[in-house]
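This is structure_17.txt. It holds compact mmCIF, C-alpha atoms and all ligand atoms.
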# COMPACT_ATOMS: atom_id res chain seq x y z
CA MET A 152 167.20 219.15 -53.47
CA ALA A 153 166.30 219.76 -49.81
CA LYS A 154 169.04 221.38 -47.75
CA ASP A 155 168.75 221.57 -44.00
CA VAL A 156 170.44 222.00 -40.64
CA ILE A 157 170.41 218.83 -38.49
CA ILE A 158 170.88 219.21 -34.72
CA ALA A 159 172.92 216.36 -33.17
CA CYS A 160 170.96 215.60 -29.99
CA ASP A 161 173.86 213.95 -28.16
CA PHE A 162 172.04 213.71 -24.83
CA ALA A 163 172.14 210.69 -22.53
CA SER A 164 168.48 210.50 -21.61
CA ARG A 165 164.93 210.96 -22.89
CA GLN A 166 164.26 213.73 -20.38
CA GLN A 167 167.28 215.82 -21.31
CA THR A 168 166.45 215.44 -24.99
CA LEU A 169 162.80 216.38 -24.64
CA ASP A 170 163.63 219.31 -22.33
CA PHE A 171 165.97 220.56 -25.04
CA LEU A 172 163.40 220.13 -27.81
CA ASP A 173 160.72 221.88 -25.71
CA ARG A 174 162.64 225.10 -26.32
CA PHE A 175 161.63 224.90 -29.99
CA GLU A 176 157.88 224.81 -29.21
CA GLY A 177 156.15 227.35 -31.39
CA SER A 178 159.07 227.74 -33.82
CA ARG A 179 160.40 225.74 -36.79
CA LYS A 180 160.88 222.08 -35.73
CA PRO A 181 164.53 221.23 -36.35
CA PHE A 182 165.74 218.08 -38.12
CA VAL A 183 167.17 215.99 -35.26
CA LYS A 184 170.00 213.45 -35.23
CA ILE A 185 169.60 210.62 -32.73
CA GLY A 186 172.78 208.66 -32.11
CA MET A 187 173.70 205.35 -30.54
CA GLU A 188 173.93 206.62 -26.97
CA LEU A 189 170.35 207.87 -26.79
CA PHE A 190 168.93 205.04 -28.90
CA TYR A 191 170.59 202.33 -26.81
CA ALA A 192 169.49 204.02 -23.59
CA GLU A 193 165.88 204.73 -24.55
CA GLY A 194 165.06 202.42 -27.48
CA PRO A 195 162.70 203.07 -30.39
CA ASP A 196 160.15 204.90 -28.20
CA ILE A 197 162.35 208.01 -28.13
CA VAL A 198 162.32 208.03 -31.95
CA ARG A 199 158.51 207.73 -32.02
CA GLU A 200 158.13 210.48 -29.44
CA ILE A 201 160.37 212.97 -31.26
CA LYS A 202 158.67 212.13 -34.55
CA ARG A 203 155.26 212.64 -32.96
CA ARG A 204 156.40 216.14 -31.98
CA GLY A 205 156.95 216.87 -35.67
CA HIS A 206 160.73 216.65 -36.08
CA PRO A 207 162.35 214.97 -39.10
CA ILE A 208 164.82 212.35 -37.78
CA PHE A 209 168.27 211.16 -38.81
CA LEU A 210 168.85 207.90 -36.92
CA ASP A 211 172.64 207.67 -36.77
CA LEU A 212 173.28 204.00 -35.90
CA LYS A 213 175.99 203.27 -38.54
CA LEU A 214 175.04 199.66 -39.24
CA HIS A 215 177.89 197.32 -40.25
CA ASP A 216 177.24 193.56 -40.31
CA ILE A 217 176.60 190.72 -42.75
CA PRO A 218 174.13 191.67 -45.51
CA ASN A 219 171.31 189.48 -44.20
CA THR A 220 171.47 190.99 -40.70
CA VAL A 221 171.64 194.53 -42.08
CA ARG A 222 168.67 193.87 -44.41
CA LYS A 223 166.52 192.60 -41.53
CA SER A 224 167.60 195.35 -39.13
CA MET A 225 166.86 198.02 -41.72
CA LYS A 226 163.40 196.53 -42.19
CA VAL A 227 162.77 197.13 -38.49
CA LEU A 228 164.09 200.72 -38.70
CA SER A 229 161.93 201.49 -41.77
CA GLY A 230 158.90 200.88 -39.56
CA LEU A 231 159.98 203.78 -37.31
CA ASP A 232 159.05 206.50 -39.82
CA ILE A 233 162.53 208.03 -39.73
CA ASP A 234 163.75 210.34 -42.50
CA MET A 235 167.43 209.37 -42.74
CA CYS A 236 169.71 206.58 -41.47
CA ASN A 237 173.15 205.22 -42.25
CA VAL A 238 175.55 202.28 -42.69
CA HIS A 239 179.32 201.88 -42.91
CA ALA A 240 180.47 201.74 -46.54
CA ALA A 241 183.19 199.35 -45.32
CA GLY A 242 180.48 196.69 -45.12
CA THR A 243 180.75 196.37 -48.95
CA ILE A 244 178.43 197.11 -51.87
CA GLU A 245 176.53 193.88 -51.21
CA MET A 246 175.81 194.95 -47.63
CA MET A 247 174.74 198.43 -48.73
CA ARG A 248 172.39 196.92 -51.36
CA ALA A 249 170.88 194.74 -48.64
CA ALA A 250 170.38 197.86 -46.52
CA VAL A 251 168.47 199.55 -49.37
CA GLU A 252 166.29 196.45 -49.79
CA GLY A 253 165.52 196.22 -46.10
CA LEU A 254 164.74 199.90 -45.78
CA THR A 255 162.39 200.09 -48.78
CA ARG A 256 158.76 199.99 -47.70
CA GLU A 257 156.05 198.07 -49.54
CA ASP A 258 154.93 201.26 -51.31
CA GLY A 259 158.46 201.74 -52.69
CA THR A 260 159.34 204.73 -50.45
CA ARG A 261 162.22 204.72 -47.99
CA PRO A 262 164.17 207.07 -45.70
CA LEU A 263 167.35 208.58 -47.13
CA LEU A 264 170.24 206.14 -46.74
CA ILE A 265 173.68 207.59 -46.17
CA ALA A 266 177.09 205.87 -45.97
CA VAL A 267 179.88 206.56 -43.52
CA THR A 268 183.16 206.45 -45.48
CA GLN A 269 186.15 206.78 -43.17
CA LEU A 270 185.35 208.13 -39.71
CA THR A 271 187.00 211.50 -39.17
CA SER A 272 188.61 210.01 -36.06
CA THR A 273 190.61 207.62 -38.30
CA SER A 274 193.89 209.17 -39.41
CA GLU A 275 195.57 208.15 -42.66
CA GLU A 276 198.46 206.72 -40.61
CA ARG A 277 196.19 204.47 -38.53
CA MET A 278 194.19 203.41 -41.57
CA GLN A 279 197.36 202.33 -43.33
CA GLN A 280 199.23 200.83 -40.37
CA GLU A 281 196.41 199.23 -38.34
CA LEU A 282 193.86 198.45 -41.05
CA LEU A 283 196.45 197.73 -43.76
CA ILE A 284 194.61 199.92 -46.28
CA GLY A 285 197.42 201.13 -48.54
CA ALA A 286 195.55 203.88 -50.42
CA SER A 287 195.43 207.49 -49.28
CA ILE A 288 192.53 208.48 -47.04
CA ASN A 289 191.10 210.73 -49.76
CA ASP A 290 191.19 207.94 -52.36
CA THR A 291 189.47 205.65 -49.83
CA ILE A 292 186.74 208.23 -49.15
CA VAL A 293 186.10 208.71 -52.89
CA LYS A 294 186.05 204.95 -53.57
CA TYR A 295 183.69 204.26 -50.65
CA ALA A 296 181.42 207.09 -51.83
CA GLN A 297 181.38 205.64 -55.37
CA ASN A 298 180.56 202.20 -53.91
CA ALA A 299 177.70 203.75 -51.93
CA ARG A 300 176.35 205.39 -55.07
CA GLU A 301 176.62 202.12 -57.01
CA ALA A 302 174.67 200.36 -54.25
CA GLY A 303 171.86 202.90 -54.63
CA LEU A 304 172.51 204.99 -51.51
CA ASP A 305 171.71 208.70 -51.47
CA GLY A 306 174.95 210.16 -50.15
CA VAL A 307 177.74 210.10 -47.57
CA VAL A 308 178.71 211.68 -44.28
CA CYS A 309 181.95 213.57 -44.80
CA SER A 310 183.85 216.60 -43.57
CA PRO A 311 182.78 219.81 -45.33
CA LEU A 312 186.28 219.98 -46.75
CA GLU A 313 185.68 216.64 -48.52
CA ALA A 314 182.26 217.56 -49.92
CA ALA A 315 183.57 218.99 -53.21
CA MET A 316 185.74 215.91 -53.79
CA VAL A 317 182.72 213.63 -53.24
CA LYS A 318 180.48 215.74 -55.52
CA ASN A 319 183.14 215.65 -58.25
CA ALA A 320 183.36 211.86 -58.05
CA CYS A 321 179.68 211.02 -57.57
CA GLY A 322 177.74 213.89 -59.14
CA PRO A 323 175.96 216.95 -57.77
CA GLU A 324 172.83 215.03 -56.77
CA PHE A 325 174.76 212.71 -54.43
CA LEU A 326 174.18 214.10 -50.94
CA THR A 327 176.89 215.28 -48.57
CA ILE A 328 176.03 215.35 -44.88
CA THR A 329 178.68 217.33 -43.06
CA PRO A 330 179.47 217.53 -39.33
CA GLY A 331 182.41 219.53 -37.97
CA ILE A 332 180.52 222.85 -38.06
CA ARG A 333 181.53 225.79 -35.87
CA PHE A 334 180.63 229.47 -35.84
CA ALA A 335 183.50 231.75 -36.85
CA ASP A 336 183.79 233.18 -33.32
CA ALA A 337 183.59 229.85 -31.40
CA ALA A 338 185.88 227.14 -29.98
CA ALA A 339 186.61 224.02 -32.06
CA ASP A 340 186.09 221.59 -29.10
CA ASP A 341 187.49 218.20 -30.19
CA GLN A 342 186.75 218.72 -33.89
CA VAL A 343 189.81 219.15 -36.07
CA ARG A 344 188.69 219.94 -39.60
CA ILE A 345 185.90 222.45 -39.09
CA THR A 346 184.05 225.02 -41.11
CA THR A 347 181.29 227.58 -40.58
CA PRO A 348 177.68 227.07 -41.73
CA ALA A 349 178.16 229.81 -44.32
CA ARG A 350 181.29 228.17 -45.73
CA ALA A 351 179.56 224.76 -45.76
CA ARG A 352 176.88 226.30 -47.99
CA GLU A 353 179.51 227.71 -50.36
CA ILE A 354 181.27 224.35 -50.55
CA GLY A 355 178.00 222.63 -51.47
CA SER A 356 177.05 220.62 -48.36
CA ASP A 357 173.44 219.42 -48.50
CA TYR A 358 172.90 218.93 -44.77
CA ILE A 359 175.07 220.26 -41.95
CA VAL A 360 175.11 218.36 -38.65
CA VAL A 361 175.55 220.74 -35.73
CA GLY A 362 175.87 219.55 -32.13
CA ARG A 363 177.46 221.59 -29.35
CA PRO A 364 177.33 224.98 -31.10
CA VAL A 365 173.54 224.66 -30.68
CA THR A 366 173.02 222.23 -27.78
CA ALA A 367 175.53 223.96 -25.47
CA ALA A 368 174.65 227.51 -26.50
CA PRO A 369 173.16 229.85 -23.88
CA ASP A 370 170.23 230.33 -26.29
CA PRO A 371 169.96 227.18 -28.46
CA VAL A 372 167.03 228.52 -30.50
CA ALA A 373 169.01 231.64 -31.41
CA ALA A 374 172.06 229.49 -32.29
CA TYR A 375 169.88 227.24 -34.48
CA ARG A 376 168.44 230.32 -36.22
CA ARG A 377 171.96 231.57 -36.84
CA CYS A 378 172.76 228.22 -38.53
CA LEU A 379 169.64 228.52 -40.70
CA LEU A 380 170.51 232.06 -41.63
CA GLU A 381 174.12 231.26 -42.54
CA PHE A 382 173.51 227.91 -44.22
CA LEU A 383 170.09 228.35 -45.86
CA GLN A 384 170.12 232.14 -45.91
CA GLN A 385 166.66 232.02 -44.34
CA GLU A 386 165.21 231.68 -40.82
O1 LIG B 401 179.07 218.77 -31.13
P1 LIG B 401 179.49 218.61 -32.55
O2 LIG B 401 178.97 219.69 -33.48
O3 LIG B 401 180.98 218.37 -32.71
O4 LIG B 401 178.75 217.25 -32.98
C1 LIG B 401 178.91 216.69 -34.26
C2 LIG B 401 178.06 215.46 -34.37
O5 LIG B 401 178.38 214.83 -35.61
C3 LIG B 401 178.28 214.41 -33.29
O6 LIG B 401 177.05 213.71 -33.09
C4 LIG B 401 179.32 213.50 -33.91
O7 LIG B 401 179.26 212.20 -33.41
C5 LIG B 401 178.90 213.52 -35.38
N1 LIG B 401 179.93 213.17 -36.33
C6 LIG B 401 181.12 213.87 -36.44
N2 LIG B 401 182.05 213.50 -37.37
C7 LIG B 401 181.81 212.45 -38.19
C8 LIG B 401 180.62 211.74 -38.09
C9 LIG B 401 179.69 212.14 -37.14
O8 LIG B 401 181.34 214.84 -35.72
N3 LIG B 401 182.69 212.14 -39.11
Would you encode the structure as structure tokens?
Amino acid sequence: MAKDVIIACDFASRQQTLDFLDRFEGSRKPFVKIGMELFYAEGPDIVREIKRRGHPIFLDLKLHDIPNTVRKSMKVLSGLDIDMCNVHAAGTIEMMRAAVEGLTREDGTRPLLIAVTQLTSTSEERMQQELLIGASINDTIVKYAQNAREAGLDGVVCSPLEAAMVKNACGPEFLTITPGIRFADAAADDQVRITTPARAREIGSDYIVVGRPVTAAPDPVAAYRRCLLEFLQQE
């Protein structure tokens, strides 16, 4: 199973993003996460451009709509030659199945499809009081992960601290993509439940998503290499 470090390119514009990626010229091309902000600002061309430069891409658009709309939207995204994308598990098993159908190319291949369970910004209190979901947040995460697996998805985004719980429920092959990564000697920023790249490896994360510890580092290439070294034990 491929394990890797994904850099969250949370930049507002094409220029800032490409300037950042220029720093990696001549070294290993990092797996890059493109989120809503950049995609809505720059459109599919930014995905094509980053792909053309040789980076694997996680397109983090978190689709959540009726199954027919998700199927058709995923068909469009599958034409972008991305490597990973995602949907909200809250859209139901039927919606996730439609996403798999839409994403699958004529030759049967498709990018990895990952589910968002509960956003880490949603507290158990809010989930229960505003969304009227009576279960615990951990039970919800496990159930949504099991639904994603049943729908044929490849894994879930979760906090590193939830990865073992998800693996226990869904099997070792079911992927865990884990943000909330910080170096041992760094600030947490706005992340609450954080862990180091080394600890994420021990816990069994398959992909770590790292944003500011790399993008805001004085030497982003060195910070990326440190992630590789800690998480993959190789540069
Ligand atoms: O800068 P930082 O390392 O905190 O960035 C983490 C990235 O992972 C951001 O793009 C953030 O939106 C994303 N993310 C997260 N927590 C989740 C899902 C996604 O931090 N539960």
Using 6 Å of padding on each side, determine the axis-aligned box around all atoms of range 298-312 of chain A present in the file and give its centre and edge lengths in Å to one decimal, as lines of an AutoDock Vina configuration file.
center_x = 179.0
center_y = 210.2
center_z = -50.3
size_x = 26.6
size_y = 31.6
size_z = 25.4
- Message: What does the structure give for the distance between CA of Ala249 in chain A and CA of Glu313 in chain A, in Å to one decimal?
- Response: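 Calculated distance between CA of Ala249 in chain A and CA of Glu313 in chain A is 26.4 Å.
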- Task: Extract, using all atoms listed in the file, all DNA, RNA and protein residues at most 10 Å from Asp305 in chain A, discarding same-chain residues fewer than 4 positions from it, and format them as number ranges by chain.
- Result: A: 235, 237, 251, 262-266, 296, 299-301, 324-327
- Can you work out the spacing between CA of Cys160 in chain A and CA of Thr366 in chain A in Å, to one decimal? 7.3 Å
- Item | Pick from A:Ile284, A:Val308, A:Cys321, A:Leu231, whichever lies nearest to Leu270 in chain A using only C-alpha atoms | A:Val308
- Message: Please return as an NGL selection string the residues found within 6 Å of ligand LIG 401 (chain B), counting only C-alpha atoms and all ligand atoms.
- Response: :A and (159 or 161 or 270-271 or 309 or 330-332 or 342 or 360-363)
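In this comparison, which uses all atoms listed in the file, the residue of A:Met247, A:Ile158, A:Val267, A:Ile288 approaching Ala367 in chain A most closely is A:Ile158.
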- Message: Just checking: using all atoms listed in the file, which residue out of A:Ile354, A:Ile244, A:Ala368, A:Cys236 ends up closest to Leu312 in chain A?
- Response: A:Ile354
Please list as an mmCIF file with C-alpha atoms, keeping the file's coordinate frame every residue within 10 Å of Phe171 in chain A, counting all atoms listed in the file and excluding residues in the same chain fewer than 2 positions away.
data_model
loop_
_atom_site.group_PDB
_atom_site.id
_atom_site.type_symbol
_atom_site.label_atom_id
_atom_site.label_comp_id
_atom_site.auth_asym_id
_atom_site.auth_seq_id
_atom_site.Cartn_x
_atom_site.Cartn_y
_atom_site.Cartn_z
ATOM 1 C CA CYS A 160 170.960 215.600 -29.990
ATOM 2 C CA PHE A 162 172.040 213.710 -24.830
ATOM 3 C CA ARG A 165 164.930 210.960 -22.890
ATOM 4 C CA GLN A 166 164.260 213.730 -20.380
ATOM 5 C CA GLN A 167 167.280 215.820 -21.310
ATOM 6 C CA THR A 168 166.450 215.440 -24.990
ATOM 7 C CA LEU A 169 162.800 216.380 -24.640
ATOM 8 C CA ASP A 173 160.720 221.880 -25.710
ATOM 9 C CA ARG A 174 162.640 225.100 -26.320
ATOM 10 C CA PHE A 175 161.630 224.900 -29.990
ATOM 11 C CA THR A 366 173.020 222.230 -27.780
ATOM 12 C CA PRO A 371 169.960 227.180 -28.460
ATOM 13 C CA VAL A 372 167.030 228.520 -30.500
#
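Reported to one decimal place, the separation of CA of Thr273 in chain A from CA of Ser287 in chain A is 12.0 Å.
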Taking (179.2, 233.2, -36.1) in the file's coordinates as the center, which residues reach within 12 Å of it, counting all atoms listed in the file, put as an mmCIF file with C-alpha atoms, keeping the file's coordinate frame?
data_model
loop_
_atom_site.group_PDB
_atom_site.id
_atom_site.type_symbol
_atom_site.label_atom_id
_atom_site.label_comp_id
_atom_site.auth_asym_id
_atom_site.auth_seq_id
_atom_site.Cartn_x
_atom_site.Cartn_y
_atom_site.Cartn_z
ATOM 1 C CA ILE A 332 180.520 222.850 -38.060
ATOM 2 C CA ARG A 333 181.530 225.790 -35.870
ATOM 3 C CA PHE A 334 180.630 229.470 -35.840
ATOM 4 C CA ALA A 335 183.500 231.750 -36.850
ATOM 5 C CA ASP A 336 183.790 233.180 -33.320
ATOM 6 C CA ALA A 337 183.590 229.850 -31.400
ATOM 7 C CA ALA A 338 185.880 227.140 -29.980
ATOM 8 C CA THR A 346 184.050 225.020 -41.110
ATOM 9 C CA THR A 347 181.290 227.580 -40.580
ATOM 10 C CA PRO A 348 177.680 227.070 -41.730
ATOM 11 C CA ALA A 349 178.160 229.810 -44.320
ATOM 12 C CA ARG A 350 181.290 228.170 -45.730
ATOM 13 C CA PRO A 364 177.330 224.980 -31.100
ATOM 14 C CA VAL A 365 173.540 224.660 -30.680
ATOM 15 C CA ALA A 373 169.010 231.640 -31.410
ATOM 16 C CA ALA A 374 172.060 229.490 -32.290
ATOM 17 C CA TYR A 375 169.880 227.240 -34.480
ATOM 18 C CA ARG A 376 168.440 230.320 -36.220
ATOM 19 C CA ARG A 377 171.960 231.570 -36.840
ATOM 20 C CA CYS A 378 172.760 228.220 -38.530
ATOM 21 C CA LEU A 379 169.640 228.520 -40.700
ATOM 22 C CA LEU A 380 170.510 232.060 -41.630
ATOM 23 C CA GLU A 381 174.120 231.260 -42.540
ATOM 24 C CA PHE A 382 173.510 227.910 -44.220
#
Mind running range 232-347 of chain A against range 219-225 of chain A at 7 Å and telling me each contacting residue's nearest atom pair with the distance in Å (one decimal), counting all atoms listed in the file, chain and number ascending, as a Markdown table?
| residue | atom | partner | partner_atom | distance |
| --- | --- | --- | --- | --- |
| A:Met246 | CA | A:Val221 | CA | 7.0 |
| A:Ala249 | CA | A:Arg222 | CA | 4.9 |
| A:Ala250 | CA | A:Arg222 | CA | 4.8 |
| A:Glu252 | CA | A:Arg222 | CA | 6.4 |
| A:Gly253 | CA | A:Arg222 | CA | 4.3 |
| A:Leu254 | CA | A:Met225 | CA | 5.0 |
I need the residues from that last selection saved to file as a PDB file, keeping the file's coordinate frame (with C-alpha atoms), if you can.
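part_27.pdb was written with the following content:
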ATOM      1  CA  MET A 246     175.810 194.950 -47.630  1.00  0.00           C
ATOM      2  CA  ALA A 249     170.880 194.740 -48.640  1.00  0.00           C
ATOM      3  CA  ALA A 250     170.380 197.860 -46.520  1.00  0.00           C
ATOM      4  CA  GLU A 252     166.290 196.450 -49.790  1.00  0.00           C
ATOM      5  CA  GLY A 253     165.520 196.220 -46.100  1.00  0.00           C
ATOM      6  CA  LEU A 254     164.740 199.900 -45.780  1.00  0.00           C
TER       7      LEU A 254
END
- Counting all atoms listed in the file, what is within 8 Å of range 193-203 of chain A, bar same-chain residues fewer than 2 positions away, as a ChimeraX atom specification? /A:164-165,169,185,189-191,205-208,231-233
- Surrounding residues of Asn298 in chain A excluding itself and chain neighbours under 5 positions, 9 Å, all atoms listed in the file, as a list in words: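 Close residues of Asn298 in chain A: Ala240, Thr243, Ile244, Met247, Val293, Gly303 and Leu304 of chain A.
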With C-alpha atoms retained, export the selected residues as a PDB file, in the frame of the given file.
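Final output, saved to part22.pdb:
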ATOM      1  CA  ALA A 240     180.470 201.740 -46.540  1.00  0.00           C
ATOM      2  CA  THR A 243     180.750 196.370 -48.950  1.00  0.00           C
ATOM      3  CA  ILE A 244     178.430 197.110 -51.870  1.00  0.00           C
ATOM      4  CA  MET A 247     174.740 198.430 -48.730  1.00  0.00           C
ATOM      5  CA  VAL A 293     186.100 208.710 -52.890  1.00  0.00           C
ATOM      6  CA  GLY A 303     171.860 202.900 -54.630  1.00  0.00           C
ATOM      7  CA  LEU A 304     172.510 204.990 -51.510  1.00  0.00           C
TER       8      LEU A 304
END
- Rank A:Asp170, A:Ser274, A:Gly306, A:Ala163 by their smallest atom-to-atom distance to Met187 in chain A, using all atoms listed in the file, and report the top residue only. A:Ala163
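Of the listed residues A:Pro323, A:Gly230, A:Gly177, A:Gly186, the one whose atoms come nearest to Arg204 in chain A is A:Gly177, with distances taken using all atoms listed in the file.
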- Item | Given only C-alpha atoms as the counted atoms, nearest of A:Gln385, A:Gln269, A:Ser178, A:Ser356 to Lys154 in chain A | A:Ser356
